[in-house]
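Coordinates as given in query.cif (mmCIF, C-alpha atoms):
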```cif
data_query
#
loop_
_atom_site.label_atom_id
_atom_site.label_comp_id
_atom_site.auth_asym_id
_atom_site.auth_seq_id
_atom_site.Cartn_x
_atom_site.Cartn_y
_atom_site.Cartn_z
CA MET A 1 49.35 103.41 125.60
CA SER A 2 51.83 105.86 124.19
CA GLY A 3 53.52 106.21 127.59
CA ALA A 4 54.02 102.45 127.84
CA GLN A 5 55.48 102.32 124.36
CA GLY A 6 57.87 105.15 125.23
CA ALA A 7 58.91 103.43 128.44
CA GLY A 8 59.42 99.91 127.20
CA GLY A 9 58.52 99.43 123.54
CA GLY A 10 59.94 102.51 121.85
CA LYS A 11 63.13 102.77 119.89
CA PRO A 12 66.28 102.76 122.04
CA ARG A 13 67.87 106.16 122.50
CA ARG A 14 71.04 106.58 120.44
CA THR A 15 73.98 107.89 122.41
CA PRO A 16 76.82 109.97 120.91
CA GLY A 17 79.05 106.91 121.34
CA SER A 18 76.76 104.68 119.29
CA VAL A 19 76.50 107.32 116.55
CA LEU A 20 80.29 107.63 116.36
CA SER A 21 80.75 103.86 116.34
CA GLY A 22 78.32 103.52 113.44
CA LEU A 23 80.12 106.27 111.56
CA ALA A 24 83.47 104.59 112.21
CA VAL A 25 82.20 101.28 110.82
CA ALA A 26 80.75 102.98 107.74
CA VAL A 27 83.95 104.92 106.98
CA GLY A 28 86.02 101.83 107.72
CA CYS A 29 84.04 99.74 105.24
CA VAL A 30 84.52 102.38 102.54
CA LEU A 31 88.30 102.52 103.12
CA PHE A 32 88.74 98.76 103.52
CA LEU A 33 86.68 97.68 100.52
CA GLY A 34 87.74 100.68 98.45
CA GLY A 35 91.40 99.88 99.09
CA PHE A 36 90.95 96.30 97.92
CA VAL A 37 89.06 97.36 94.79
CA TRP A 38 91.67 100.05 94.05
CA GLY A 39 94.48 97.54 94.48
CA ALA A 40 92.76 94.89 92.35
CA MET A 41 92.34 97.40 89.53
CA LEU A 42 95.98 98.55 89.52
CA TYR A 43 97.96 95.54 90.72
CA LYS A 44 98.33 91.92 89.76
CA PRO A 45 100.20 89.17 91.67
CA TYR A 46 102.87 87.11 89.94
CA THR A 47 105.04 84.20 91.06
CA VAL A 48 108.72 84.35 90.11
CA PRO A 49 109.58 80.82 88.87
CA THR A 50 113.41 81.05 88.94
CA ASP A 51 116.19 82.58 91.01
CA SER A 52 117.37 84.81 88.16
CA MET A 53 116.35 87.91 90.15
CA THR A 54 118.00 87.04 93.46
CA PRO A 55 118.87 88.59 95.80
CA THR A 56 116.20 91.18 94.93
CA ILE A 57 113.45 88.59 94.43
CA GLY A 58 113.89 84.94 95.38
CA LYS A 59 112.68 81.87 93.54
CA GLY A 60 108.99 81.18 94.22
CA ALA A 61 108.39 84.66 95.64
CA ARG A 62 105.02 86.28 95.09
CA VAL A 63 105.25 89.86 93.82
CA LEU A 64 102.76 92.68 93.37
CA ALA A 65 103.14 94.33 89.98
CA GLU A 66 101.41 97.51 88.87
CA ARG A 67 99.71 97.32 85.50
CA VAL A 68 101.51 99.90 83.36
CA ASP A 69 101.92 100.80 79.73
CA GLY A 70 105.28 99.83 78.27
CA GLY A 71 105.86 103.47 77.36
CA ASP A 72 105.98 104.38 81.07
CA VAL A 73 108.85 102.00 81.84
CA ARG A 74 112.21 103.51 82.83
CA ARG A 75 115.72 102.15 83.37
CA GLY A 76 116.06 100.31 86.64
CA ASP A 77 112.44 99.10 86.71
CA VAL A 78 111.79 95.43 87.40
CA VAL A 79 109.13 94.41 84.89
CA VAL A 80 106.90 91.46 84.06
CA PHE A 81 106.80 90.80 80.33
CA ARG A 82 105.93 88.16 77.78
CA ASP A 83 107.82 87.67 74.51
CA GLN A 84 107.42 84.89 71.97
CA VAL A 85 111.16 84.72 71.26
CA TRP A 86 111.82 84.21 74.98
CA GLY A 87 109.26 81.41 75.31
CA ASP A 88 105.95 83.33 75.48
CA LEU A 89 105.77 82.93 79.28
CA PRO A 90 105.60 85.66 81.95
CA MET A 91 109.16 86.59 82.92
CA VAL A 92 110.64 89.04 85.43
CA LYS A 93 113.79 91.04 84.61
CA ARG A 94 115.31 94.47 85.23
CA VAL A 95 115.41 97.18 82.56
CA ILE A 96 119.03 98.19 81.92
CA GLY A 97 118.71 100.07 78.64
CA VAL A 98 116.00 101.71 76.56
CA GLY A 99 115.78 102.61 72.87
CA GLY A 100 118.94 104.35 71.65
CA ASP A 101 121.11 103.31 74.63
CA ARG A 102 124.55 101.82 74.13
CA VAL A 103 124.99 99.00 76.69
CA GLU A 104 128.50 97.58 77.14
CA CYS A 105 130.21 95.13 79.43
CA CYS A 106 132.50 95.14 81.10
CA ASP A 107 135.07 97.66 82.39
CA LYS A 108 138.17 96.61 84.38
CA GLN A 109 136.10 96.41 87.58
CA GLY A 110 133.51 94.18 85.90
CA ARG A 111 130.82 96.90 85.66
CA LEU A 112 128.29 97.76 82.97
CA ARG A 113 128.40 100.99 81.00
CA VAL A 114 125.29 102.67 79.61
CA ASN A 115 125.96 105.43 77.10
CA GLY A 116 129.55 105.48 78.32
CA LYS A 117 128.61 105.96 81.99
CA VAL A 118 129.65 103.33 84.52
CA LEU A 119 126.60 101.74 86.15
CA GLU A 120 126.86 100.93 89.86
CA GLU A 121 124.49 98.04 90.61
CA PRO A 122 123.99 97.56 94.38
CA TYR A 123 121.29 94.93 93.76
CA LEU A 124 123.77 92.36 92.40
CA ARG A 125 125.07 89.51 94.56
CA SER A 126 128.07 90.53 96.61
CA GLY A 127 131.24 90.20 94.56
CA GLU A 128 129.40 89.24 91.37
CA GLN A 129 130.39 90.92 88.11
CA ALA A 130 127.85 92.60 85.88
CA SER A 131 128.32 89.83 83.30
CA SER A 132 130.56 86.85 82.71
CA SER A 133 130.41 87.51 78.97
CA VAL A 134 131.72 90.56 77.10
CA PHE A 135 129.20 92.35 74.87
CA SER A 136 128.32 95.68 73.33
CA THR A 137 124.96 96.52 71.80
CA THR A 138 122.72 99.43 70.87
CA VAL A 139 119.10 99.06 71.93
CA PRO A 140 116.67 99.56 69.01
CA LYS A 141 113.96 102.20 69.24
CA ASN A 142 110.92 101.34 71.40
CA ARG A 143 112.70 98.33 72.88
CA LEU A 144 114.17 97.39 76.26
CA PHE A 145 117.41 95.63 77.19
CA LEU A 146 116.65 93.34 80.14
CA LEU A 147 118.94 91.54 82.59
CA GLY A 148 118.35 89.44 85.69
CA ASP A 149 119.95 90.53 88.98
CA HIS A 150 121.58 87.10 89.38
CA ARG A 151 123.76 87.53 86.30
CA SER A 152 125.48 84.16 86.50
CA ASP A 153 122.13 82.33 86.49
CA SER A 154 119.88 84.41 84.27
CA LEU A 155 118.74 83.81 80.70
CA ASP A 156 118.19 87.37 79.55
CA SER A 157 118.99 89.78 76.71
CA ARG A 158 122.59 88.56 76.61
CA VAL A 159 121.40 85.14 75.41
CA HIS A 160 119.50 86.75 72.53
CA LEU A 161 122.17 89.19 71.33
CA THR A 162 122.32 87.45 67.95
CA ASP A 163 118.58 87.84 67.40
CA GLU A 164 117.27 90.43 64.97
CA ALA A 165 116.55 92.92 67.78
CA GLY A 166 119.86 92.26 69.55
CA GLY A 167 118.20 90.73 72.59
CA ALA A 168 115.92 93.70 73.21
CA VAL A 169 112.20 93.29 73.94
CA GLU A 170 109.41 95.51 72.64
CA ARG A 171 107.99 97.96 75.17
CA GLY A 172 104.56 96.61 74.32
CA ALA A 173 105.57 93.21 75.72
CA VAL A 174 105.59 94.64 79.25
CA ASP A 175 102.52 93.74 81.32
CA ALA A 176 103.41 95.26 84.67
CA ARG A 177 106.10 96.83 86.86
CA VAL A 178 107.01 95.15 90.16
CA ASP A 179 106.48 97.36 93.22
CA ALA A 180 106.82 94.89 96.09
CA THR A 181 107.32 91.31 97.18
CA ALA A 182 104.36 89.94 99.13
CA TRP A 183 105.34 86.33 99.85
CA PRO A 184 106.97 84.67 101.71
CA LEU A 185 106.22 86.93 104.69
CA GLY A 186 109.87 87.27 105.65
CA SER A 187 110.69 88.76 102.26
CA TRP A 188 107.95 91.39 102.30
CA GLY A 189 109.25 94.74 101.06
CA THR A 190 109.17 97.28 98.26
CA VAL A 191 111.29 97.01 95.13
CA GLY A 192 113.04 100.38 94.84
CA ARG A 193 114.36 102.31 91.88
CA PRO A 194 118.20 102.29 91.96
CA ASP A 195 119.85 105.72 92.22
CA ALA A 196 122.42 104.67 89.60
CA PHE A 197 119.88 105.31 86.84
CA LYS A 198 118.85 108.82 87.98
CA ALA A 199 121.61 110.58 86.06
CA LEU A 200 120.63 109.00 82.75
CA PRO A 201 118.15 110.75 80.41
CA GLY A 202 114.56 110.21 81.54
CA GLY A 203 115.57 109.42 85.11
CA ILE A 204 113.70 106.76 87.06
CA SER A 205 110.01 105.98 87.44
CA GLN A 206 107.94 106.88 90.49
CA PRO A 207 106.54 104.13 92.75
CA GLY A 208 102.91 103.20 92.27
CA PRO A 209 100.16 103.88 94.85
CA LEU A 210 100.73 100.64 96.76
CA GLY A 211 101.56 102.55 99.98
CA PRO A 212 98.33 104.58 100.08
CA ILE A 213 96.33 101.47 99.18
CA LEU A 214 97.78 99.53 102.14
CA ILE A 215 97.20 102.49 104.47
CA ALA A 216 93.55 102.69 103.38
CA VAL A 217 93.02 98.96 104.00
CA ILE A 218 94.71 99.01 107.42
CA VAL A 219 92.95 102.17 108.62
CA GLY A 220 89.63 100.78 107.38
CA ALA A 221 90.14 97.53 109.30
CA VAL A 222 91.02 99.43 112.49
CA LEU A 223 87.93 101.64 112.21
CA ILE A 224 85.66 98.64 111.61
CA LEU A 225 87.03 96.75 114.63
CA ALA A 226 86.91 99.84 116.85
CA GLY A 227 83.35 100.70 115.84
CA ALA A 228 82.12 97.12 116.21
CA ALA A 229 83.69 96.87 119.67
CA HIS A 230 81.80 99.88 121.02
CA GLY A 231 78.45 98.07 121.44
CA PRO A 232 79.71 95.12 123.55
CA ILE A 233 81.89 97.42 125.65
CA ALA A 234 79.00 99.85 126.28
CA ARG A 235 76.64 97.00 127.25
CA ARG A 236 79.25 95.53 129.57
CA ARG A 237 79.74 98.85 131.27
CA ALA A 238 75.97 99.36 131.55
CA GLY A 239 75.54 95.87 133.04
CA GLY A 240 78.31 96.52 135.55
CA GLY A 241 76.72 99.83 136.55
CA ALA A 242 73.32 98.18 137.01
CA ARG A 243 74.81 95.49 139.26
CA ARG A 244 76.55 98.11 141.36
CA ASP A 245 73.27 100.03 141.72
CA GLN A 246 71.44 96.86 142.81
CA ALA A 247 74.17 96.07 145.29
CA ALA A 248 74.00 99.60 146.71
CA LYS A 249 70.19 99.38 147.07
CA GLY A 250 70.57 96.04 148.85
CA LYS A 251 72.97 97.53 151.36
CA VAL A 252 70.63 100.47 152.02
CA ALA A 253 67.66 98.13 152.57
CA ALA A 254 69.66 95.92 154.92
CA SER A 255 70.88 98.86 156.98
CA GLY A 256 67.31 100.26 157.18
#
```
Just dump the structure as structure tokens.
Amino acid sequence: MSGAQGAGGGKPRRTPGSVLSGLAVAVGCVLFLGGFVWGAMLYKPYTVPTDSMTPTIGKGARVLAERVDGGDVRRGDVVVFRDQVWGDLPMVKRVIGVGGDRVECCDKQGRLRVNGKVLEEPYLRSGEQASSSVFSTTVPKNRLFLLGDHRSDSLDSRVHLTDEAGGAVERGAVDARVDATAWPLGSWGTVGRPDAFKALPGGISQPGPLGPILIAVIVGAVLILAGAAHGPIARRRAGGGARRDQAAKGKVAASG
């Protein structure tokens, strides 16, 4: 009874390949699902409604923005914020100045100056000046001076210069910092921190963990697919071997 069960009714013997495939699927699920959960906790998608940030971010583009505290924002960051004076809607602009900065425009070459230092802005449209209007302002403490990259078509801090805060937005109004564009597919890419802001006090911020999150998701997917493919491939090979054995036995019987 026990011999019959071992021969035909017992549990199938696990091969090293099947053990490894199961381990690959398990690890892949942890990485894949963990990456999505990690990303959902840190990042939030936003749609940019206007072309005020072109060419960096086009109109209708979908961006991935890391949830950050306004106190962590640095010059050069592209942020998502909401301010009642600006319409109380999510908006996307670039941080040009922080509390205490003197922001002026423009010099003879049409460039901004921050604390007396000329600001090279490679993200602007080719040939476009930093601003079509002349201004000079000091950013109040704990506030941010924000401009769109498409200066000739952006309603930003320059429009609100006559407001009580001189066009600056509270740091607490910031919801997130843009790390990458996700849609449309042709525009996929990270939003870098311009080198022009490195020399200013406080430097630039560090990118969020979007890269490691994507790597975890991709590696997890590959492991899951590879592990799941082992079973069908092993059975196919076993079936092919069995057919070859039967064919060999048939030839031996015929020759005998």
Practice problem: Measuring atom to atom with all atoms listed in the file, identify which of A:Leu210, A:Val159, A:Ala130, A:Val85 is nearest to Cys106 of chain A. | Solution: A:Ala130
Quiz item: So which residues touch segment 29-43 of chain A within 10 Å, counting only C-alpha atoms, skipping near sequence neighbours fewer than 3 positions away, as a ChimeraX atom specification?
Solution: /A:23-26,46,63-68,176-179,208-210,212-224
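Here the PyMOL selection byres ((chain A and resi 158) around 10) catches exactly these residues: A:Ser131, A:Ser133, A:Val134, A:Phe135, A:Ser136, A:Thr137, A:Phe145, A:Leu146, A:Leu147, A:Arg151, A:Ser154, A:Leu155, A:Asp156, A:Ser157, A:Val159, A:His160, A:Leu161, A:Thr162, A:Gly166, A:Gly167, A:Ala168.
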Quiz prompt | Chain and number of each residue from the PyMOL selection byres ((chain A and resi 90) around 9), as a PyMOL selection string | solution = chain A and resi 46+48+80-83+87-89+91-92+175
Which residues, written as a tab-separated table (two decimals) with C-alpha atoms, keeping the file's coordinate frame, have at least one atom at most 9 Å from Gly97 of chain A, with only C-alpha atoms counted and residues fewer than 2 positions away on the same chain left out?
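Output below, filename around-v4.tsv:
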```tsv
chain	number	residue	atom	x	y	z
A	74	ARG	CA	112.21	103.51	82.83
A	75	ARG	CA	115.72	102.15	83.37
A	76	GLY	CA	116.06	100.31	86.64
A	95	VAL	CA	115.41	97.18	82.56
A	99	GLY	CA	115.78	102.61	72.87
A	100	GLY	CA	118.94	104.35	71.65
A	101	ASP	CA	121.11	103.31	74.63
A	102	ARG	CA	124.55	101.82	74.13
A	103	VAL	CA	124.99	99.00	76.69
A	114	VAL	CA	125.29	102.67	79.61
A	138	THR	CA	122.72	99.43	70.87
A	139	VAL	CA	119.10	99.06	71.93
A	143	ARG	CA	112.70	98.33	72.88
A	144	LEU	CA	114.17	97.39	76.26
A	145	PHE	CA	117.41	95.63	77.19
A	146	LEU	CA	116.65	93.34	80.14
A	168	ALA	CA	115.92	93.70	73.21
```
Exercise. Using the chain letters and numbering of this document, enumerate as JSON, numbers by chain the residues selected by the PyMOL selection byres ((chain A and resi 197-204) around 12).
Key: {"A": [71, 72, 73, 74, 75, 76, 77, 78, 94, 95, 96, 97, 98, 99, 100, 101, 102, 112, 113, 114, 115, 116, 117, 118, 119, 120, 121, 122, 192, 193, 194, 195, 196, 205, 206, 207]}
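For the residues A:Ile57, A:Val79, A:Ala226, A:Leu124, ranking by smallest atom-to-atom distance to Val174 of chain A using all atoms listed in the file places A:Val79 first.
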Exercise. Find the residues near Thr56 of chain A: any atom within 9 Å, counting only C-alpha atoms, skip ones fewer than 2 places away on the same chain, and give them as number ranges by chain.
Key: A: 53-54, 58, 123-124, 149-150, 191
